[in-house]
Amino acid sequence: METNKTTLRKINVYGNPGSREAYVIRDFLKRSVVTFEWVPVAGMAAFRVLFPELPAEGSLPAVELPCGRFLFNPSVEDIACNLGWITKPKHKEYDVSIFGGGPAGLSAAVYAASEGLSTVLVEREAIGGQAGTSSLIENYLGFPGGISGSDLAERARQQAVKFGVDILLIRKSIKAQFIDEKLHVDFTDGNKIIARSNICSTGVEYSRLDIPEEDKYLNRGVYYGAGASEAVLCADKHVFVIGGGNSAGQAALNFSKHAEKVTMIIRGDDLAASLSYYLLVRIKKKKNIEVLFNSRITALNGDDFLEQITITRLIEGTEVHYDTSFVFVCIGGKPNTNWAQNTAIVRDEAGYLVTGGDLYKPSFDKQWDMSFTPAFLETSVPGCFAAGDVRHNSVKRVASAVGEGAMAVTFVHRYLHEKY
């Protein structure tokens, strides 16, 4: 993945308006900081009019690569592979493996490799994690004008590559186990890695709405995340953002530049409880942003694509219907820690990894053998650390995630020195 993605010639994406497969591709390319143009076409017949010289077989969406070759109905893995981003592990065994390419994982990778550790970073989707979907991060130190989450992640990726980090993109594991105090991971593509230490920075994913027909409209009107790739497609539309945290607030401000109206829906009665002050001030000043307090979305309707939603006002118990094809969900989150279910790693009730002194709390101390004294970011398995949002009682901010990633490397050094 040593290709400098910012210098690639433009990619063109052709697809049916409202296609969920096309949205997944646009979102992946946007998060990967790839310049592309979205060209909506009404089916393959219309596409053939544009490219009569192409073979008759194939289906939309279609991706035209910088070299001029077309991929029909590709997965993001197909696209990444054709752009040269998917590689095999360079080593059989590493000093440290890092799972999760968000701010914490990227920070850990940069610091580990720059300090001489053989380092592998594994990311199952796009570099940047949940932070990578943010249209603008304005309270991160050193960027007075703000920086998009994807741009920040891309800069960190380039740093990591410079120091020799082995980055494995679009990787999903089928088995992870600790053998002889080393982490052994088998991937779905048949590759395997072994690491003498490990940092888990797999972060969190947005919670579901848990309402009827949600799956039907997923990526066909209902989108999870800030939807940075969709902002320009919302021109003159009514857009709904579910959630009251910073990611939701930043998304609302971004959509307000294009949409006719943006409505934020929150269950509480005060944005100040969950939103940074600078975002709160801006949202209040935006004339085309409204906030519906004590409200929740309860129904979705439409034929093939989302056309209408129902919002229930929790205090009055009344229902209001709105016509829209754009709902972006930025609520809560659950940690990506299912991989730890069959290991000795202690998790809290919500699934977050418990580390350091928290392991001695009455709710957790019976779940592990207490055979060692864990470091601040160390889990109940020696040599396995956690950093960022995935950790129990962590501060959900980009800066703190970056700090924890760097700090985890210090504890990795100490562990490897004592162990080996």
# chains A, B, ... in the order shown; residues from 1 in each chain; ligands from 1
$ select_by_dssp --residues "region 73-192 of chain A" --states "strand (DSSP E or B)" --output "number ranges by chain"
A: 93-94, 96-99, 119-123, 137, 147, 166-169, 173-179, 182-187, 192
$ residues_around --residues "Tyr14 (chain A)" --least-positions-apart "3" --cutoff "10 Å" --atoms "only C-alpha atoms" --output "ChimeraX atom specification"
/A:17,22,37-44,47,60-64,72-73
$ write_last_selection --atoms "N, CA and C atoms" --output "mmCIF file, in the first residue's frame"
data_model
loop_
_atom_site.group_PDB
_atom_site.id
_atom_site.type_symbol
_atom_site.label_atom_id
_atom_site.label_comp_id
_atom_site.auth_asym_id
_atom_site.auth_seq_id
_atom_site.Cartn_x
_atom_site.Cartn_y
_atom_site.Cartn_z
ATOM 1 N N PRO A 17 -28.928 5.770 -9.330
ATOM 2 C CA PRO A 17 -29.185 6.626 -8.163
ATOM 3 C C PRO A 17 -29.872 5.806 -7.064
ATOM 4 N N ALA A 22 -23.361 1.197 -4.832
ATOM 5 C CA ALA A 22 -22.621 2.389 -5.248
ATOM 6 C C ALA A 22 -22.268 3.263 -4.058
ATOM 7 N N GLU A 37 -15.256 10.790 -9.380
ATOM 8 C CA GLU A 37 -16.463 11.469 -9.837
ATOM 9 C C GLU A 37 -17.608 10.479 -9.873
ATOM 10 N N TRP A 38 -18.721 10.861 -9.277
ATOM 11 C CA TRP A 38 -19.920 10.024 -9.270
ATOM 12 C C TRP A 38 -20.791 10.394 -10.469
ATOM 13 N N VAL A 39 -21.075 9.407 -11.304
ATOM 14 C CA VAL A 39 -21.883 9.624 -12.505
ATOM 15 C C VAL A 39 -23.131 8.749 -12.413
ATOM 16 N N PRO A 40 -24.279 9.303 -12.004
ATOM 17 C CA PRO A 40 -25.507 8.501 -11.927
ATOM 18 C C PRO A 40 -26.020 8.149 -13.318
ATOM 19 N N VAL A 41 -26.341 6.889 -13.524
ATOM 20 C CA VAL A 41 -26.911 6.428 -14.797
ATOM 21 C C VAL A 41 -28.102 5.532 -14.488
ATOM 22 N N ALA A 42 -29.140 5.632 -15.301
ATOM 23 C CA ALA A 42 -30.388 4.893 -15.065
ATOM 24 C C ALA A 42 -30.323 3.515 -15.702
ATOM 25 N N GLY A 43 -29.480 2.640 -15.168
ATOM 26 C CA GLY A 43 -29.416 1.261 -15.628
ATOM 27 C C GLY A 43 -28.345 1.018 -16.674
ATOM 28 N N MET A 44 -28.151 -0.265 -16.979
ATOM 29 C CA MET A 44 -27.099 -0.658 -17.904
ATOM 30 C C MET A 44 -27.344 -0.146 -19.313
ATOM 31 N N PHE A 47 -25.910 3.150 -19.479
ATOM 32 C CA PHE A 47 -24.454 3.033 -19.399
ATOM 33 C C PHE A 47 -23.874 2.632 -20.755
ATOM 34 N N LEU A 60 -24.066 -2.860 -13.047
ATOM 35 C CA LEU A 60 -23.709 -1.683 -12.258
ATOM 36 C C LEU A 60 -23.707 -2.011 -10.770
ATOM 37 N N PRO A 61 -22.949 -1.243 -9.966
ATOM 38 C CA PRO A 61 -22.138 -0.088 -10.366
ATOM 39 C C PRO A 61 -20.868 -0.493 -11.100
ATOM 40 N N ALA A 62 -20.339 0.453 -11.872
ATOM 41 C CA ALA A 62 -19.099 0.245 -12.603
ATOM 42 C C ALA A 62 -18.079 1.273 -12.142
ATOM 43 N N VAL A 63 -16.851 0.833 -11.994
ATOM 44 C CA VAL A 63 -15.765 1.712 -11.564
ATOM 45 C C VAL A 63 -14.723 1.772 -12.668
ATOM 46 N N GLU A 64 -14.463 2.975 -13.160
ATOM 47 C CA GLU A 64 -13.431 3.180 -14.168
ATOM 48 C C GLU A 64 -12.145 3.560 -13.457
ATOM 49 N N PHE A 72 -16.864 -4.096 -12.937
ATOM 50 C CA PHE A 72 -18.316 -4.099 -12.842
ATOM 51 C C PHE A 72 -18.766 -4.745 -11.536
ATOM 52 N N ASN A 73 -19.633 -4.029 -10.836
ATOM 53 C CA ASN A 73 -20.163 -4.465 -9.542
ATOM 54 C C ASN A 73 -19.052 -4.983 -8.619
#
$ select_by_dssp --residues "region 283-415 of chain A" --states "alpha helix (DSSP H)" --output "PyMOL selection string"
chain A and resi 283-285+398-415
$ write_last_selection --atoms "N, CA and C atoms" --output "PDB file, in the first residue's frame"
ATOM      1  N   ILE A 283     -24.301  25.647  15.409  1.00  0.00           N
ATOM      2  CA  ILE A 283     -25.587  25.053  15.042  1.00  0.00           C
ATOM      3  C   ILE A 283     -26.734  26.007  15.360  1.00  0.00           C
ATOM      4  N   LYS A 284     -26.652  26.678  16.495  1.00  0.00           N
ATOM      5  CA  LYS A 284     -27.703  27.628  16.864  1.00  0.00           C
ATOM      6  C   LYS A 284     -27.781  28.791  15.889  1.00  0.00           C
ATOM      7  N   LYS A 285     -26.651  29.150  15.260  1.00  0.00           N
ATOM      8  CA  LYS A 285     -26.624  30.280  14.335  1.00  0.00           C
ATOM      9  C   LYS A 285     -27.054  29.886  12.926  1.00  0.00           C
ATOM     10  N   VAL A 398     -10.541  12.273  19.524  1.00  0.00           N
ATOM     11  CA  VAL A 398      -9.439  11.907  18.639  1.00  0.00           C
ATOM     12  C   VAL A 398      -8.099  12.101  19.339  1.00  0.00           C
ATOM     13  N   ALA A 399      -7.943  13.222  20.029  1.00  0.00           N
ATOM     14  CA  ALA A 399      -6.664  13.517  20.681  1.00  0.00           C
ATOM     15  C   ALA A 399      -6.308  12.482  21.738  1.00  0.00           C
ATOM     16  N   SER A 400      -7.299  12.065  22.528  1.00  0.00           N
ATOM     17  CA  SER A 400      -7.017  11.073  23.564  1.00  0.00           C
ATOM     18  C   SER A 400      -6.690   9.717  22.948  1.00  0.00           C
ATOM     19  N   ALA A 401      -7.340   9.397  21.823  1.00  0.00           N
ATOM     20  CA  ALA A 401      -7.050   8.130  21.142  1.00  0.00           C
ATOM     21  C   ALA A 401      -5.616   8.120  20.623  1.00  0.00           C
ATOM     22  N   VAL A 402      -5.194   9.233  20.032  1.00  0.00           N
ATOM     23  CA  VAL A 402      -3.821   9.350  19.550  1.00  0.00           C
ATOM     24  C   VAL A 402      -2.842   9.209  20.708  1.00  0.00           C
ATOM     25  N   GLY A 403      -3.156   9.862  21.831  1.00  0.00           N
ATOM     26  CA  GLY A 403      -2.284   9.775  23.006  1.00  0.00           C
ATOM     27  C   GLY A 403      -2.186   8.365  23.545  1.00  0.00           C
ATOM     28  N   GLU A 404      -3.323   7.664  23.610  1.00  0.00           N
ATOM     29  CA  GLU A 404      -3.303   6.293  24.124  1.00  0.00           C
ATOM     30  C   GLU A 404      -2.530   5.365  23.195  1.00  0.00           C
ATOM     31  N   GLY A 405      -2.650   5.602  21.878  1.00  0.00           N
ATOM     32  CA  GLY A 405      -1.897   4.771  20.945  1.00  0.00           C
ATOM     33  C   GLY A 405      -0.403   4.899  21.161  1.00  0.00           C
ATOM     34  N   ALA A 406       0.062   6.139  21.346  1.00  0.00           N
ATOM     35  CA  ALA A 406       1.485   6.362  21.602  1.00  0.00           C
ATOM     36  C   ALA A 406       1.898   5.783  22.946  1.00  0.00           C
ATOM     37  N   MET A 407       1.036   5.969  23.947  1.00  0.00           N
ATOM     38  CA  MET A 407       1.348   5.471  25.290  1.00  0.00           C
ATOM     39  C   MET A 407       1.428   3.940  25.310  1.00  0.00           C
ATOM     40  N   ALA A 408       0.555   3.295  24.538  1.00  0.00           N
ATOM     41  CA  ALA A 408       0.556   1.837  24.516  1.00  0.00           C
ATOM     42  C   ALA A 408       1.892   1.286  24.034  1.00  0.00           C
ATOM     43  N   VAL A 409       2.529   2.000  23.109  1.00  0.00           N
ATOM     44  CA  VAL A 409       3.823   1.542  22.601  1.00  0.00           C
ATOM     45  C   VAL A 409       4.878   1.541  23.703  1.00  0.00           C
ATOM     46  N   THR A 410       4.811   2.518  24.596  1.00  0.00           N
ATOM     47  CA  THR A 410       5.745   2.541  25.734  1.00  0.00           C
ATOM     48  C   THR A 410       5.607   1.271  26.565  1.00  0.00           C
ATOM     49  N   PHE A 411       4.365   0.861  26.827  1.00  0.00           N
ATOM     50  CA  PHE A 411       4.141  -0.358  27.603  1.00  0.00           C
ATOM     51  C   PHE A 411       4.538  -1.602  26.814  1.00  0.00           C
ATOM     52  N   VAL A 412       4.394  -1.577  25.488  1.00  0.00           N
ATOM     53  CA  VAL A 412       4.838  -2.695  24.651  1.00  0.00           C
ATOM     54  C   VAL A 412       6.345  -2.861  24.769  1.00  0.00           C
ATOM     55  N   HIS A 413       7.087  -1.748  24.692  1.00  0.00           N
ATOM     56  CA  HIS A 413       8.545  -1.803  24.853  1.00  0.00           C
ATOM     57  C   HIS A 413       8.920  -2.450  26.185  1.00  0.00           C
ATOM     58  N   ARG A 414       8.252  -2.010  27.238  1.00  0.00           N
ATOM     59  CA  ARG A 414       8.553  -2.529  28.568  1.00  0.00           C
ATOM     60  C   ARG A 414       8.261  -4.031  28.633  1.00  0.00           C
ATOM     61  N   TYR A 415       7.150  -4.429  28.074  1.00  0.00           N
ATOM     62  CA  TYR A 415       6.759  -5.854  28.076  1.00  0.00           C
ATOM     63  C   TYR A 415       7.770  -6.693  27.295  1.00  0.00           C
TER      64      TYR A 415
END
$ residues_around --residues "region 191-204 of chain A" --least-positions-apart "5" --cutoff "8 Å" --atoms "only C-alpha atoms" --output "PyMOL selection string"
chain A and resi 88-89+91-102+104-105+108+129-130+181-186+333-337+383-390+405+408+412+416
$ closest_residue --among "A:Val381, A:Ala126, A:Ala156, A:Ala112" --to "Arg26 (chain A)" --atoms "only C-alpha atoms"
A:Ala126
$ residues_around --residues "Ser135 (chain A)" --least-positions-apart "2" --cutoff "7 Å" --atoms "only C-alpha atoms" --output "number ranges by chain"
A: 133, 148-149, 228, 250-251, 254
$ residues_around --residues "Tyr224 (chain A)" --least-positions-apart "4" --cutoff "9 Å" --atoms "only C-alpha atoms" --output "PDB file with C-alpha atoms, in the first residue's frame"
ATOM      1  CA  GLU A 205     -19.351   1.272  15.377  1.00  0.00           C
ATOM      2  CA  TYR A 206     -22.580   3.236  15.349  1.00  0.00           C
ATOM      3  CA  SER A 207     -25.579   1.670  17.033  1.00  0.00           C
ATOM      4  CA  ARG A 208     -28.584   0.607  14.985  1.00  0.00           C
ATOM      5  CA  LEU A 218     -29.750   0.461   4.746  1.00  0.00           C
ATOM      6  CA  ASN A 219     -27.578   2.474   2.333  1.00  0.00           C
ATOM      7  CA  VAL A 327     -31.176   9.886   7.124  1.00  0.00           C
ATOM      8  CA  PHE A 328     -27.700   9.731   8.696  1.00  0.00           C
ATOM      9  CA  VAL A 329     -27.363   7.842  11.968  1.00  0.00           C
ATOM     10  CA  CYS A 330     -24.644   8.989  14.389  1.00  0.00           C
ATOM     11  CA  ILE A 331     -25.819   7.545  17.700  1.00  0.00           C
TER      12      ILE A 331
END
$ residues_around --residues "Gly268 (chain A)" --least-positions-apart "6" --cutoff "12 Å" --atoms "only C-alpha atoms" --output "list in words"
Ile242, Gly243, Gly244, Gly245, Ser274, Leu275, Val291, Leu292, Phe293, Asn294, Ser295, Arg296, Arg313, Leu314 and Ile315 of chain A
$ write_last_selection --atoms "N, CA and C atoms" --output "short mmCIF file (atom, residue, chain, number, x, y, z; two decimals), in the first residue's frame"
data_model
loop_
_atom_site.label_atom_id
_atom_site.label_comp_id
_atom_site.auth_asym_id
_atom_site.auth_seq_id
_atom_site.Cartn_x
_atom_site.Cartn_y
_atom_site.Cartn_z
N ILE A 242 -29.42 11.77 12.97
CA ILE A 242 -29.85 11.19 14.24
C ILE A 242 -28.68 11.17 15.19
N GLY A 243 -28.79 11.87 16.32
CA GLY A 243 -27.72 11.89 17.30
C GLY A 243 -27.38 13.30 17.72
N GLY A 244 -26.78 13.42 18.91
CA GLY A 244 -26.46 14.73 19.44
C GLY A 244 -25.02 14.91 19.83
N GLY A 245 -24.15 13.97 19.43
CA GLY A 245 -22.74 14.09 19.77
C GLY A 245 -21.98 14.92 18.75
N SER A 274 -24.06 16.83 25.31
CA SER A 274 -23.31 15.87 24.50
C SER A 274 -22.48 16.49 23.39
N LEU A 275 -22.61 17.80 23.18
CA LEU A 275 -21.97 18.46 22.06
C LEU A 275 -20.96 19.49 22.54
N VAL A 291 -33.35 21.53 15.48
CA VAL A 291 -33.13 20.42 16.39
C VAL A 291 -34.46 20.01 16.99
N LEU A 292 -34.81 18.73 16.84
CA LEU A 292 -36.01 18.19 17.46
C LEU A 292 -35.60 17.46 18.74
N PHE A 293 -35.90 18.06 19.88
CA PHE A 293 -35.57 17.44 21.16
C PHE A 293 -36.64 16.44 21.57
N ASN A 294 -36.28 15.55 22.50
CA ASN A 294 -37.22 14.55 23.02
C ASN A 294 -37.96 13.84 21.88
N SER A 295 -37.19 13.43 20.89
CA SER A 295 -37.78 12.81 19.70
C SER A 295 -36.97 11.61 19.27
N ARG A 296 -37.61 10.72 18.55
CA ARG A 296 -36.91 9.58 17.97
C ARG A 296 -37.60 9.16 16.69
N ARG A 313 -42.69 12.27 18.94
CA ARG A 313 -42.32 13.21 20.00
C ARG A 313 -42.58 12.52 21.33
N LEU A 314 -41.54 12.26 22.10
CA LEU A 314 -41.62 11.38 23.25
C LEU A 314 -42.50 11.92 24.37
N ILE A 315 -42.52 13.22 24.57
CA ILE A 315 -43.32 13.78 25.66
C ILE A 315 -44.80 13.82 25.30
#
